[in-house]
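What follows is the content of target18.tsv (TSV, C-alpha atoms).
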```tsv
chain	number	residue	atom	x	y	z
U	1	MET	CA	2.37	-18.31	29.91
U	2	LYS	CA	-1.00	-19.88	29.11
U	3	ALA	CA	-1.48	-21.47	25.71
U	4	VAL	CA	-3.04	-19.10	23.17
U	5	ALA	CA	-5.64	-20.22	20.63
U	6	MET	CA	-5.32	-18.29	17.36
U	7	PRO	CA	-7.19	-18.30	14.03
U	8	THR	CA	-5.94	-20.73	11.41
U	9	VAL	CA	-3.56	-19.42	8.77
U	10	SER	CA	-5.64	-20.35	5.75
U	11	ARG	CA	-4.46	-17.80	3.15
U	12	VAL	CA	-0.74	-17.29	2.55
U	13	ALA	CA	1.09	-15.09	0.05
U	14	VAL	CA	4.66	-15.80	-1.06
U	15	CYS	CA	6.11	-12.82	-2.95
U	16	GLY	CA	9.41	-12.32	-4.71
U	17	GLY	CA	10.95	-9.75	-7.01
U	18	THR	CA	9.82	-6.81	-4.91
U	19	HIS	CA	13.36	-5.75	-5.69
U	20	GLY	CA	13.97	-7.00	-9.20
U	21	ASN	CA	17.68	-7.75	-8.81
U	22	GLU	CA	17.37	-9.88	-5.66
U	23	LEU	CA	17.41	-13.10	-7.58
U	24	ALA	CA	16.92	-15.89	-5.04
U	25	GLY	CA	13.34	-14.73	-4.47
U	26	VAL	CA	12.81	-14.14	-8.20
U	27	TYR	CA	13.96	-17.67	-9.04
U	28	LEU	CA	11.95	-19.24	-6.22
U	29	VAL	CA	8.75	-17.46	-7.28
U	30	ARG	CA	9.32	-18.52	-10.89
U	31	GLU	CA	9.65	-22.13	-9.76
U	32	ARG	CA	6.49	-21.90	-7.66
U	33	LEU	CA	4.53	-20.33	-10.52
U	34	LYS	CA	5.43	-23.31	-12.72
U	35	ARG	CA	3.66	-25.63	-10.29
U	36	ARG	CA	-0.05	-25.06	-10.73
U	37	ALA	CA	-2.19	-25.67	-7.64
U	38	ASP	CA	-4.20	-28.89	-7.95
U	39	GLY	CA	-6.66	-28.02	-5.19
U	40	THR	CA	-5.29	-30.54	-2.70
U	41	GLU	CA	-3.10	-28.14	-0.72
U	42	PRO	CA	-4.24	-27.72	2.90
U	43	VAL	CA	-3.44	-23.99	2.67
U	44	SER	CA	-4.42	-21.51	-0.03
U	45	VAL	CA	-1.16	-20.01	-1.33
U	46	VAL	CA	-0.92	-17.14	-3.78
U	47	THR	CA	2.50	-16.69	-5.37
U	48	VAL	CA	3.27	-13.22	-6.71
U	49	MET	CA	6.07	-11.64	-8.73
U	50	SER	CA	5.79	-8.27	-7.05
U	51	ASN	CA	7.66	-5.98	-9.45
U	52	PRO	CA	7.69	-7.64	-12.89
U	53	ARG	CA	9.11	-4.61	-14.71
U	54	ALA	CA	12.10	-4.41	-12.38
U	55	VAL	CA	12.57	-8.18	-12.65
U	56	GLN	CA	12.60	-7.97	-16.45
U	57	LEU	CA	15.28	-5.27	-16.30
U	58	CYS	CA	17.11	-6.94	-13.37
U	59	VAL	CA	17.16	-3.69	-11.37
U	60	ARG	CA	16.10	-2.92	-7.83
U	61	TYR	CA	13.25	-0.71	-9.05
U	62	VAL	CA	12.16	1.18	-12.16
U	63	GLU	CA	11.15	4.58	-10.78
U	64	THR	CA	10.98	4.35	-6.99
U	65	ASP	CA	11.56	1.69	-4.33
U	66	LEU	CA	8.44	-0.50	-4.29
U	67	ASN	CA	9.24	-1.69	-0.78
U	68	ARG	CA	8.79	1.85	0.52
U	69	CYS	CA	5.33	2.31	-1.02
U	70	PHE	CA	3.05	0.54	1.48
U	71	THR	CA	2.37	3.21	4.09
U	72	ARG	CA	-1.32	4.03	4.53
U	73	ALA	CA	-0.67	7.46	3.03
U	74	THR	CA	0.92	6.06	-0.13
U	75	LEU	CA	-1.69	3.34	-0.55
U	76	SER	CA	-4.50	5.89	-0.32
U	77	ALA	CA	-2.88	8.54	-2.52
U	78	PRO	CA	-4.49	9.25	-5.91
U	79	VAL	CA	-2.59	7.80	-8.87
U	80	SER	CA	-2.68	8.49	-12.58
U	81	GLU	CA	-0.90	7.36	-15.73
U	82	THR	CA	1.98	9.68	-14.83
U	83	SER	CA	2.44	8.29	-11.31
U	84	PRO	CA	5.62	6.26	-10.64
U	85	TYR	CA	5.14	2.65	-11.73
U	86	GLU	CA	5.92	1.27	-8.27
U	87	MET	CA	3.36	3.55	-6.64
U	88	ILE	CA	0.68	2.19	-8.98
U	89	ARG	CA	1.93	-1.37	-8.44
U	90	SER	CA	1.77	-1.02	-4.63
U	91	GLN	CA	-1.94	-0.21	-4.86
U	92	GLU	CA	-2.49	-3.19	-7.18
U	93	LEU	CA	-0.74	-5.48	-4.69
U	94	ASN	CA	-2.71	-4.00	-1.81
U	95	ALA	CA	-5.96	-4.76	-3.67
U	96	LEU	CA	-4.77	-8.31	-4.44
U	97	LEU	CA	-3.37	-9.23	-1.02
U	98	GLY	CA	-5.06	-6.79	1.35
U	99	PRO	CA	-6.42	-4.29	1.80
U	100	LYS	CA	-3.88	-3.53	4.49
U	101	GLY	CA	-5.38	-3.70	7.98
U	102	SER	CA	-8.62	-5.32	6.78
U	103	ALA	CA	-10.28	-8.64	7.53
U	104	GLN	CA	-9.89	-9.52	3.85
U	105	ALA	CA	-6.08	-9.36	3.91
U	106	VAL	CA	-4.10	-12.58	3.54
U	107	ASP	CA	-3.40	-14.27	6.85
U	108	LEU	CA	0.37	-14.38	6.29
U	109	LEU	CA	2.54	-12.56	3.75
U	110	CYS	CA	6.13	-13.71	3.24
U	111	ASP	CA	8.17	-11.38	1.03
U	112	LEU	CA	11.48	-12.79	-0.21
U	113	HIS	CA	14.62	-10.62	-0.22
U	114	ASN	CA	18.38	-10.84	-0.54
U	115	THR	CA	21.06	-8.65	0.96
U	116	THR	CA	24.75	-8.21	0.18
U	117	ALA	CA	25.36	-8.19	3.94
U	118	ASN	CA	26.40	-11.27	5.91
U	119	THR	CA	23.09	-11.61	7.76
U	120	GLY	CA	22.19	-15.26	7.39
U	121	LEU	CA	18.40	-15.62	7.34
U	122	CYS	CA	16.36	-12.88	8.99
U	123	LEU	CA	12.64	-12.57	9.48
U	124	ILE	CA	12.03	-8.82	9.49
U	125	THR	CA	8.72	-7.62	10.87
U	126	TYR	CA	6.98	-4.72	12.56
U	127	SER	CA	5.81	-6.61	15.66
U	128	ASP	CA	7.71	-8.07	18.59
U	129	CYS	CA	4.60	-9.84	19.88
U	130	ASP	CA	3.24	-11.57	16.77
U	131	TRP	CA	3.10	-15.13	18.10
U	132	ILE	CA	2.67	-16.64	14.62
U	133	CYS	CA	5.79	-14.96	13.21
U	134	LEU	CA	7.81	-15.64	16.35
U	135	HIS	CA	6.85	-19.32	16.37
U	136	ILE	CA	7.77	-19.65	12.68
U	137	CYS	CA	11.14	-18.10	13.53
U	138	LYS	CA	11.59	-20.54	16.42
U	139	HIS	CA	10.73	-23.43	14.08
U	140	LEU	CA	13.28	-22.30	11.48
U	141	GLN	CA	15.95	-21.88	14.16
U	142	ARG	CA	15.36	-25.43	15.32
U	143	GLU	CA	15.31	-27.01	11.85
U	144	MET	CA	17.91	-25.00	9.89
U	145	ALA	CA	21.10	-26.14	11.58
U	146	SER	CA	23.44	-24.79	8.88
U	147	THR	CA	21.92	-21.29	8.60
U	148	PRO	CA	21.72	-18.70	11.40
U	149	VAL	CA	18.12	-17.50	11.74
U	150	ARG	CA	17.25	-14.23	13.51
U	151	TYR	CA	14.14	-12.16	14.22
U	152	VAL	CA	14.49	-8.46	13.42
U	153	HIS	CA	11.91	-5.97	14.67
U	154	PHE	CA	11.29	-2.54	13.16
U	155	ASP	CA	9.41	-0.58	15.83
U	156	ILE	CA	7.13	1.36	13.46
U	157	PRO	CA	3.33	1.83	13.71
U	158	LEU	CA	1.31	-0.11	11.14
U	159	ASN	CA	0.16	3.08	9.41
U	160	GLU	CA	3.79	4.02	8.78
U	161	ALA	CA	5.01	0.49	7.99
U	162	TYR	CA	6.32	0.87	4.46
U	163	SER	CA	7.07	-2.62	3.13
U	164	LEU	CA	4.94	-5.17	1.30
U	165	ASP	CA	4.85	-7.65	4.18
U	166	SER	CA	2.84	-5.13	6.24
U	167	VAL	CA	-0.20	-5.76	4.01
U	168	GLY	CA	-0.89	-9.20	5.56
U	169	LYS	CA	-2.51	-9.86	8.94
U	170	HIS	CA	0.83	-11.44	9.81
U	171	GLY	CA	3.87	-10.83	7.71
U	172	PHE	CA	7.62	-10.65	7.40
U	173	ALA	CA	10.39	-10.18	4.91
U	174	MET	CA	12.52	-13.31	4.67
U	175	GLU	CA	15.91	-11.71	4.05
U	176	ILE	CA	18.93	-13.91	3.29
U	177	GLY	CA	22.54	-12.96	2.65
U	178	PRO	CA	25.22	-12.55	1.64
U	179	GLN	CA	24.41	-12.52	-2.04
U	180	PRO	CA	25.45	-9.92	-4.63
U	181	HIS	CA	22.59	-8.20	-6.41
U	182	SER	CA	21.81	-9.47	-9.92
U	183	VAL	CA	23.39	-12.81	-8.96
U	184	VAL	CA	21.97	-16.01	-7.54
U	185	ARG	CA	24.13	-18.17	-5.26
U	186	SER	CA	23.04	-21.78	-4.91
U	187	VAL	CA	23.63	-21.91	-1.15
U	188	ILE	CA	21.46	-18.80	-0.64
U	189	PHE	CA	18.74	-20.03	-2.99
U	190	SER	CA	18.69	-23.41	-1.21
U	191	ALA	CA	18.43	-21.72	2.20
U	192	MET	CA	15.49	-19.64	0.96
U	193	GLN	CA	13.79	-22.73	-0.45
U	194	GLU	CA	14.26	-24.52	2.85
U	195	GLY	CA	13.01	-21.53	4.84
U	196	VAL	CA	9.83	-21.21	2.78
U	197	GLN	CA	9.15	-24.96	2.94
U	198	LEU	CA	9.65	-25.03	6.71
U	199	MET	CA	7.30	-22.05	7.04
U	200	MET	CA	4.65	-23.94	5.05
U	201	ASP	CA	5.22	-27.10	7.11
U	202	TRP	CA	4.70	-25.15	10.32
U	203	ILE	CA	1.50	-23.56	9.00
U	204	CYS	CA	0.08	-26.96	8.00
U	205	LEU	CA	0.88	-28.43	11.41
U	206	PHE	CA	-0.58	-25.41	13.19
U	207	ASN	CA	-3.79	-25.55	11.14
U	208	SER	CA	-4.17	-29.27	11.85
U	209	GLY	CA	-4.27	-28.59	15.60
U	210	THR	CA	-0.66	-29.22	16.65
U	211	LEU	CA	0.21	-27.50	19.93
U	212	PHE	CA	3.51	-25.64	19.65
U	213	GLU	CA	5.23	-25.22	22.97
U	214	GLY	CA	6.27	-21.74	24.03
U	215	GLY	CA	9.76	-20.61	24.86
U	216	TRP	CA	12.07	-17.72	24.16
U	217	VAL	CA	13.19	-15.95	20.99
U	218	ASP	CA	15.93	-13.34	20.73
U	219	VAL	CA	14.49	-10.21	19.10
U	220	TYR	CA	16.74	-7.59	17.50
U	221	THR	CA	14.93	-4.24	17.58
U	222	MET	CA	16.36	-1.65	15.19
U	223	VAL	CA	17.56	1.46	17.06
U	224	LYS	CA	19.11	3.64	14.37
U	225	ASN	CA	20.93	3.79	11.05
U	226	ILE	CA	24.52	4.99	10.62
U	227	ASP	CA	25.67	6.79	7.46
U	228	TYR	CA	29.15	6.71	5.97
U	229	PRO	CA	31.51	9.58	6.83
U	230	ARG	CA	31.11	12.25	4.17
U	231	ASP	CA	32.79	15.42	2.99
U	232	SER	CA	31.00	18.35	4.59
U	233	GLU	CA	30.76	20.26	1.32
U	234	THR	CA	30.42	17.66	-1.44
U	235	HIS	CA	28.76	14.92	0.70
U	236	VAL	CA	31.00	12.36	-1.03
U	237	ILE	CA	31.76	9.27	1.07
U	238	THR	CA	35.23	9.57	2.62
U	239	ALA	CA	35.62	6.23	4.42
U	240	ALA	CA	34.70	2.57	3.99
U	241	VAL	CA	33.48	0.05	6.54
U	242	HIS	CA	36.44	-1.04	8.65
U	243	PRO	CA	37.81	-4.55	7.97
U	244	ASN	CA	37.22	-5.47	11.63
U	245	LEU	CA	33.51	-4.72	11.20
U	246	GLN	CA	32.89	-5.96	7.66
U	247	ASP	CA	30.83	-9.21	7.53
U	248	ARG	CA	30.29	-9.19	11.31
U	249	ASP	CA	26.55	-8.69	11.20
U	250	PHE	CA	24.88	-9.33	14.58
U	251	CYS	CA	28.25	-9.35	16.39
U	252	LEU	CA	28.15	-6.92	19.32
U	253	LEU	CA	29.69	-3.52	18.54
U	254	HIS	CA	31.16	-1.80	21.62
U	255	PRO	CA	31.87	1.90	22.09
U	256	GLY	CA	35.36	2.58	20.74
U	257	ASP	CA	35.37	-0.36	18.30
U	258	PRO	CA	36.62	0.37	14.76
U	259	MET	CA	33.75	1.31	12.43
U	260	PHE	CA	35.23	3.00	9.34
U	261	LEU	CA	38.61	3.28	7.65
U	262	SER	CA	39.32	6.53	5.77
U	263	SER	CA	41.20	6.82	2.49
U	264	SER	CA	44.14	8.26	4.45
U	265	GLY	CA	44.24	5.20	6.72
U	266	GLU	CA	42.56	6.77	9.76
U	267	THR	CA	40.37	4.46	11.86
U	268	LEU	CA	37.05	6.02	12.84
U	269	ARG	CA	35.52	4.44	15.92
U	270	TYR	CA	31.99	3.82	17.15
U	271	LYS	CA	31.05	6.75	19.38
U	272	GLY	CA	27.79	5.39	20.77
U	273	LYS	CA	27.26	5.08	24.52
U	274	GLU	CA	25.96	1.51	24.50
U	275	ALA	CA	26.96	-1.70	22.80
U	276	LEU	CA	24.57	-2.59	19.98
U	277	TYR	CA	24.27	-5.21	17.25
U	278	PRO	CA	25.12	-4.07	13.70
U	279	PHE	CA	23.33	-5.54	10.71
U	280	PHE	CA	22.96	-4.75	6.99
U	281	ILE	CA	26.65	-3.83	7.17
U	282	ASN	CA	27.74	-2.27	3.86
U	283	GLU	CA	24.51	-3.29	2.09
U	284	GLY	CA	24.99	-2.40	-1.57
U	285	ALA	CA	21.47	-1.07	-2.11
U	286	TYR	CA	21.67	1.31	0.84
U	287	TYR	CA	24.42	3.57	-0.49
U	288	GLU	CA	21.69	5.65	-2.14
U	289	LYS	CA	19.77	5.78	1.14
U	290	GLY	CA	22.72	7.03	3.18
U	291	ILE	CA	22.95	3.91	5.34
U	292	ALA	CA	26.27	2.17	6.04
U	293	LEU	CA	24.75	-0.13	8.67
U	294	SER	CA	21.87	-0.42	11.10
U	295	LEU	CA	22.17	-0.94	14.86
U	296	ALA	CA	19.84	-3.04	16.98
U	297	ARG	CA	19.24	-3.80	20.62
U	298	LYS	CA	18.75	-7.48	21.51
U	299	ARG	CA	16.37	-8.83	24.12
U	300	ARG	CA	14.79	-12.19	24.85
U	301	VAL	CA	11.03	-12.36	24.29
U	302	GLU	CA	8.93	-15.04	25.94
U	303	ILE	CA	6.35	-16.54	23.61
U	304	PRO	CA	3.35	-18.62	24.71
U	305	SER	CA	2.36	-22.04	23.47
U	306	VAL	CA	-0.02	-21.68	20.52
U	307	ARG	CA	-2.58	-23.81	18.70
U	308	SER	CA	-5.27	-23.13	16.14
U	309	GLU	CA	-8.76	-22.18	17.26
U	310	THR	CA	-10.27	-25.15	15.38
U	311	LEU	CA	-9.55	-27.40	18.39
U	312	ARG	CA	-10.23	-24.85	21.09
```

What do you get writing this file as structure tokens?
Amino acid sequence: MKAVAMPTVSRVAVCGGTHGNELAGVYLVRERLKRRADGTEPVSVVTVMSNPRAVQLCVRYVETDLNRCFTRATLSAPVSETSPYEMIRSQELNALLGPKGSAQAVDLLCDLHNTTANTGLCLITYSDCDWICLHICKHLQREMASTPVRYVHFDIPLNEAYSLDSVGKHGFAMEIGPQPHSVVRSVIFSAMQEGVQLMMDWICLFNSGTLFEGGWVDVYTMVKNIDYPRDSETHVITAAVHPNLQDRDFCLLHPGDPMFLSSSGETLRYKGKEALYPFFINEGAYYEKGIALSLARKRRVEIPSVRSETLR
């Protein structure tokens, strides 16, 4: 593939606390906010505590999930004093960092998240051909020897993209686990710190004219979500994730493999027709959403060499 010249990444947003009980991002944003910019940084970085009310209460959200409030429809909906706090806050963030889909939006938005699932570090995005995001992922994979780094793709049109990272011209959620909610684990916090710093290092090198060689990145495209087995009348969960599946995020799940274990000891098996990669297995925050795990299809994506347009 021919080298691609792309605009510099001159405005970056680093956000945390979109979910107020995902504490690695909350702590990292607090640390960044302590360090006032002195004007010498090669990149303009805005650091944002996305959901301060939820952070203060140490809950995922106050009235509704902020990270589901960034579709075009929600961002353009009329709001009033009686509207859910997170709906109002999403429009404030869109005005600050966007508007979504506009030339004024930040060049790159990195939203920091934690998961209870054993995912390692994931960059979650809505594009499988965003060369900036894919190159950042490739850079993190090369530099973070002790942490598995993966690129997860949600195949959703931009209008329907619902999370904060979709406001930027380029964007991703940096999701790291496992970490319980309302807890910070030093190893997870350190991995997030390292990931953000490596992202900033890559951006600075890219803006200075460094040519980054192309290559290949494995992309996990989400196919579907799987709910827990439930009672047909009460809808109460009747089985837990099987021990053979628990903590095996991104390990191939074959038809017939154990998936759930019922309270009576019965093993319920995966009935899909193709082997897929499970992730967000038994995520604590997804019980309310009816999701026991997500399944993805993996493929290798070729990415071109890239450099900034300044040296075109």

Please compute the CA of Val106 (chain U)-CA of Phe172 (chain U) distance, one decimal, in Å. 12.5 Å

Assuming 6 Å of padding per side, give the centre and edge lengths of the axis-aligned box around every listed atom of region 81-97 of chain U, in Å to one decimal and as JSON.
```
{"center_x": 0.0, "center_y": 0.2, "center_z": -8.4, "size_x": 23.9, "size_y": 30.9, "size_z": 26.7}
```

Neighbouring residues of Asp155 (chain U) were defined as those with any atom within 10 Å, considering only C-alpha atoms; residues of the same chain fewer than 3 positions away were excluded. Please report them as a list in words.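 The filter keeps Thr125, Tyr126, Ser127, Asp128, Val152, Leu158, Ala161, Thr221, Met222 and Val223 of chain U.
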
When you count only C-alpha atoms, which of these residues is closest to Pro52 (chain U): U:Thr18, U:Thr64, U:Thr71, U:Ser190?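 Using only C-alpha atoms, the shortest distance to Pro52 (chain U) belongs to U:Thr18.
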
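Atom to atom, CA of Ala24 (chain U) and CA of Asp111 (chain U) stand 11.6 Å apart.
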
If we count all atoms listed in the file and set the cut-off at 10 Å, which residues sit around Leu93 (chain U), ignoring sequence neighbours fewer than 2 positions away in its own chain? Please answer as a ChimeraX atom specification. /U:48,50-51,70,75,88-91,95-100,164,167

Rounded to one decimal, what separation in Å do you get between CA of Trp202 (chain U) and CA of Glu92 (chain U)?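 Distance reported for this atom pair: 29.0 Å.
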
Kindly assemble as CSV a list of the region 26-127 of chain U residues that lie within 9 Å of region 266-282 of chain U, each paired with its nearest atom pair and their distance in Å to one decimal, using only C-alpha atoms, sorted first by chain and then by ascending residue number.
```
residue,atom,partner,partner_atom,distance
U:Thr115,CA,U:Phe280,CA,7.4
U:Thr116,CA,U:Asn282,CA,7.6
U:Ala117,CA,U:Phe280,CA,5.2
U:Asn118,CA,U:Phe280,CA,7.5
U:Thr119,CA,U:Phe279,CA,6.8
```

Nearest to Val184 (chain U): which of U:Glu22, U:Glu160, U:Glu302, U:Glu81 is it, counting only C-alpha atoms?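 Smallest separation from Val184 (chain U) among the options: U:Glu22.
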
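Each of U:Val55, U:Ala105, U:Ala77, U:Ala191 was checked against Ala13 (chain U) using only C-alpha atoms; the smallest atom-to-atom distance is that of U:Ala105.
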
Which one is closest to Cys133 (chain U): U:Arg72, U:Asn159, U:Tyr61, U:Val9? Count only C-alpha atoms.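 Nearest to Cys133 (chain U): U:Val9.
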
Residue among U:Gly17, U:Arg307, U:Ala5, U:Pro255 lying closest to Leu211 (chain U), counting all atoms listed in the file: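 Checking each candidate against Leu211 (chain U), we get U:Arg307 as the closest.
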
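For the choices U:Val79, U:Leu293, U:Leu253, U:Met200, the atom-to-atom distance to Val45 (chain U) is smallest for U:Met200 when using all atoms listed in the file.
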
When you look at Tyr220 (chain U) with a cut-off of 6 Å (counting all atoms listed in the file), what residues show up, excluding the ones that are within fewer than 5 positions of it in the same chain? I need them as a PyMOL selection string. chain U and resi 152-153+296-298

Once N, CA, C and O atoms are restored for region 235-254 of chain U, what would the output be as a tab-separated table (two decimals), in the frame of the given file?
```tsv
chain	number	residue	atom	x	y	z
U	235	HIS	N	29.53	16.08	0.21
U	235	HIS	CA	28.76	14.92	0.70
U	235	HIS	C	29.24	13.60	0.09
U	235	HIS	O	28.53	12.59	0.17
U	236	VAL	N	30.40	13.60	-0.50
U	236	VAL	CA	31.00	12.36	-1.03
U	236	VAL	C	31.49	11.51	0.14
U	236	VAL	O	32.04	12.02	1.12
U	237	ILE	N	31.30	10.20	0.03
U	237	ILE	CA	31.76	9.27	1.07
U	237	ILE	C	33.28	9.33	1.17
U	237	ILE	O	33.99	9.29	0.16
U	238	THR	N	33.79	9.42	2.41
U	238	THR	CA	35.23	9.57	2.62
U	238	THR	C	35.86	8.38	3.35
U	238	THR	O	37.06	8.40	3.61
U	239	ALA	N	35.07	7.39	3.71
U	239	ALA	CA	35.62	6.23	4.42
U	239	ALA	C	34.76	5.01	4.13
U	239	ALA	O	33.56	5.12	3.86
U	240	ALA	N	35.39	3.84	4.20
U	240	ALA	CA	34.70	2.57	3.99
U	240	ALA	C	34.52	1.85	5.32
U	240	ALA	O	35.16	2.19	6.32
U	241	VAL	N	33.65	0.86	5.34
U	241	VAL	CA	33.48	0.05	6.54
U	241	VAL	C	34.82	-0.58	6.91
U	241	VAL	O	35.54	-1.10	6.05
U	242	HIS	N	35.15	-0.52	8.18
U	242	HIS	CA	36.44	-1.04	8.65
U	242	HIS	C	36.51	-2.56	8.48
U	242	HIS	O	35.50	-3.26	8.67
U	243	PRO	N	37.68	-3.10	8.13
U	243	PRO	CA	37.81	-4.55	7.97
U	243	PRO	C	37.40	-5.34	9.21
U	243	PRO	O	36.91	-6.47	9.08
U	244	ASN	N	37.60	-4.76	10.40
U	244	ASN	CA	37.22	-5.47	11.63
U	244	ASN	C	35.71	-5.55	11.83
U	244	ASN	O	35.24	-6.35	12.64
U	245	LEU	N	34.97	-4.72	11.09
U	245	LEU	CA	33.51	-4.72	11.20
U	245	LEU	C	32.85	-5.43	10.02
U	245	LEU	O	31.78	-6.03	10.19
U	246	GLN	N	33.48	-5.37	8.86
U	246	GLN	CA	32.89	-5.96	7.66
U	246	GLN	C	32.54	-7.43	7.88
U	246	GLN	O	33.34	-8.20	8.43
U	247	ASP	N	31.33	-7.83	7.47
U	247	ASP	CA	30.83	-9.21	7.53
U	247	ASP	C	30.54	-9.69	8.95
U	247	ASP	O	30.28	-10.88	9.15
U	248	ARG	N	30.57	-8.78	9.92
U	248	ARG	CA	30.29	-9.19	11.31
U	248	ARG	C	28.89	-8.74	11.74
U	248	ARG	O	28.69	-8.20	12.83
U	249	ASP	N	27.93	-9.00	10.87
U	249	ASP	CA	26.55	-8.69	11.20
U	249	ASP	C	26.11	-9.48	12.43
U	249	ASP	O	26.41	-10.68	12.56
U	250	PHE	N	25.41	-8.78	13.33
U	250	PHE	CA	24.88	-9.33	14.58
U	250	PHE	C	25.97	-9.73	15.58
U	250	PHE	O	25.71	-10.47	16.53
U	251	CYS	N	27.19	-9.22	15.38
U	251	CYS	CA	28.25	-9.35	16.39
U	251	CYS	C	28.30	-8.03	17.17
U	251	CYS	O	28.35	-6.95	16.56
U	252	LEU	N	28.30	-8.10	18.47
U	252	LEU	CA	28.15	-6.92	19.32
U	252	LEU	C	29.24	-5.89	19.02
U	252	LEU	O	30.43	-6.20	18.97
U	253	LEU	N	28.80	-4.65	18.81
U	253	LEU	CA	29.69	-3.52	18.54
U	253	LEU	C	29.77	-2.66	19.80
U	253	LEU	O	28.75	-2.12	20.25
U	254	HIS	N	30.97	-2.53	20.37
U	254	HIS	CA	31.16	-1.80	21.62
U	254	HIS	C	31.63	-0.38	21.34
U	254	HIS	O	32.28	-0.12	20.32
```
